Amino acid sequence: MSYIPIDSKDNMDKEEVIEELEDLEMQVYRMRENMKEIAKESQILGIDQTKEDKWVIVYAKDDGNVCRVMLHDCETPYRGHWDFSIHAQYADDYVIHIEDIRGDENRGFGSICMKFLKEHAMEQNVQYITGKLVERDWGHIDRLKHFYKKHNFQVEVEDDEKYGEIFWSPAV
């Protein structure tokens, strides 16, 4: 169920309002329970809402070599598995390199995780986020270019060679 803007709530009947409140109440309950479980093994980075107004928990595992920013929705119980993830590796003290993005597309999860990855990188004094676009990406290269540009990455692509690079810095 997607949430209806406040100005449209006047047109809702009582049953719709009750259903929406019950859905929200369940998400808040799951959020509390999921955060307890996730915090046992990961660093909670924050909570956010998807473009469908669903609550998600964003968390990270970062050992100084590998950093994974993960997301779990608040509609299902956390069972040790993320719903979306950005896997990255530290190239050195100032550069983190995105290795892979995993999860369902077009749900807003990637944008949420990217926002938190950039915030986490800056907290770790990382100056740059880099990545490569490789041949396996070419089936969805236009979507990837749009995604990275939307998040203020510089994107350079060699279509003939099916290769590209991405680059982000808070200073750029």
# chains A, B, ... in the order shown; residues from 1 in each chain; ligands from 1
call {"tool": "residues_around", "arguments": {"residues": "segment 85-100 of chain A", "least_positions_apart": "5", "cutoff": "7 Å", "atoms": "only C-alpha atoms", "output": "compact mmCIF listing (two decimals) with N, CA and C atoms, in the first residue's frame"}}
result
# COMPACT_ATOMS: atom_id res chain seq x y z
N GLY A 64 37.54 -1.91 7.41
CA GLY A 64 38.69 -1.13 6.98
C GLY A 64 39.27 -1.59 5.66
N ASN A 65 38.89 -2.78 5.21
CA ASN A 65 39.30 -3.30 3.90
C ASN A 65 38.09 -3.38 2.97
N VAL A 66 37.01 -3.92 3.49
CA VAL A 66 35.78 -4.08 2.73
C VAL A 66 34.67 -3.34 3.45
N CYS A 67 33.85 -2.65 2.68
CA CYS A 67 32.71 -1.93 3.24
C CYS A 67 31.47 -2.36 2.46
N ARG A 68 30.47 -2.81 3.19
CA ARG A 68 29.19 -3.14 2.57
C ARG A 68 28.12 -2.28 3.23
N VAL A 69 27.42 -1.51 2.42
CA VAL A 69 26.27 -0.74 2.89
C VAL A 69 25.04 -1.51 2.44
N MET A 70 24.23 -1.90 3.42
CA MET A 70 23.09 -2.77 3.15
C MET A 70 21.80 -2.13 3.62
N LEU A 71 20.71 -2.65 3.11
CA LEU A 71 19.39 -2.11 3.42
C LEU A 71 18.44 -3.27 3.65
N CYS A 113 20.98 3.59 -0.48
CA CYS A 113 22.29 3.04 -0.10
C CYS A 113 23.43 3.94 -0.57
N ASN A 125 36.74 9.75 6.39
CA ASN A 125 37.74 10.62 5.75
C ASN A 125 38.16 10.11 4.38
N VAL A 126 37.29 9.36 3.73
CA VAL A 126 37.53 8.91 2.36
C VAL A 126 37.26 10.09 1.44
N GLN A 127 38.17 10.34 0.53
CA GLN A 127 38.07 11.50 -0.36
C GLN A 127 37.41 11.20 -1.69
N TYR A 128 37.43 9.93 -2.11
CA TYR A 128 36.92 9.57 -3.43
C TYR A 128 36.21 8.23 -3.39
N ILE A 129 35.18 8.12 -4.22
CA ILE A 129 34.54 6.83 -4.48
C ILE A 129 34.70 6.58 -5.97
N THR A 130 35.21 5.40 -6.30
CA THR A 130 35.43 5.04 -7.70
C THR A 130 34.72 3.73 -8.02
N GLY A 131 34.72 3.39 -9.28
CA GLY A 131 34.16 2.11 -9.70
C GLY A 131 34.39 1.91 -11.18
call {"tool": "select_by_dssp", "arguments": {"residues": "chain A", "states": "strand (DSSP E)", "output": "ChimeraX atom specification"}}
result
/A:43-49,55-62,66-73,84-92,95-103,128-133,154-158,163-168
call {"tool": "closest_residue", "arguments": {"among": "A:Leu117, A:Leu133, A:Ile57, A:Leu144", "to": "Arg30 of chain A", "atoms": "only C-alpha atoms"}}
result
A:Ile57
call {"tool": "select_by_dssp", "arguments": {"residues": "chain A", "states": "alpha helix (DSSP H)", "output": "PyMOL selection string"}}
result
chain A and resi 14-39+109-123+141-150
call {"tool": "atom_distance", "arguments": {"atom1": "atom CA of Lys51 of chain A", "atom2": "atom CA of Phe109 of chain A"}}
result
8.8 Å
call {"tool": "closest_residue", "arguments": {"among": "A:Tyr163, A:Phe147, A:Trp55, A:Phe153", "to": "Met35 of chain A", "atoms": "only C-alpha atoms"}}
result
A:Trp55
call {"tool": "atom_distance", "arguments": {"atom1": "atom CA of Val134 of chain A", "atom2": "atom CA of Gln154 of chain A"}}
result
15.9 Å
call {"tool": "closest_residue", "arguments": {"among": "A:Glu33, A:Asp62, A:Glu41, A:Glu22", "to": "Gln124 of chain A", "atoms": "only C-alpha atoms"}}
result
A:Asp62
call {"tool": "atom_distance", "arguments": {"atom1": "atom CA of Glu19 of chain A", "atom2": "atom CA of Thr50 of chain A"}}
result
19.2 Å
call {"tool": "residues_around", "arguments": {"residues": "Met31 of chain A", "least_positions_apart": "2", "cutoff": "9 Å", "atoms": "only C-alpha atoms", "output": "list in words"}}
result
Met26, Gln27, Val28, Tyr29, Glu33, Asn34, Met35, Lys36, Ile47, Trp55, Val56, Ile57, Asp73, Cys74, Glu75 and Pro77 of chain A
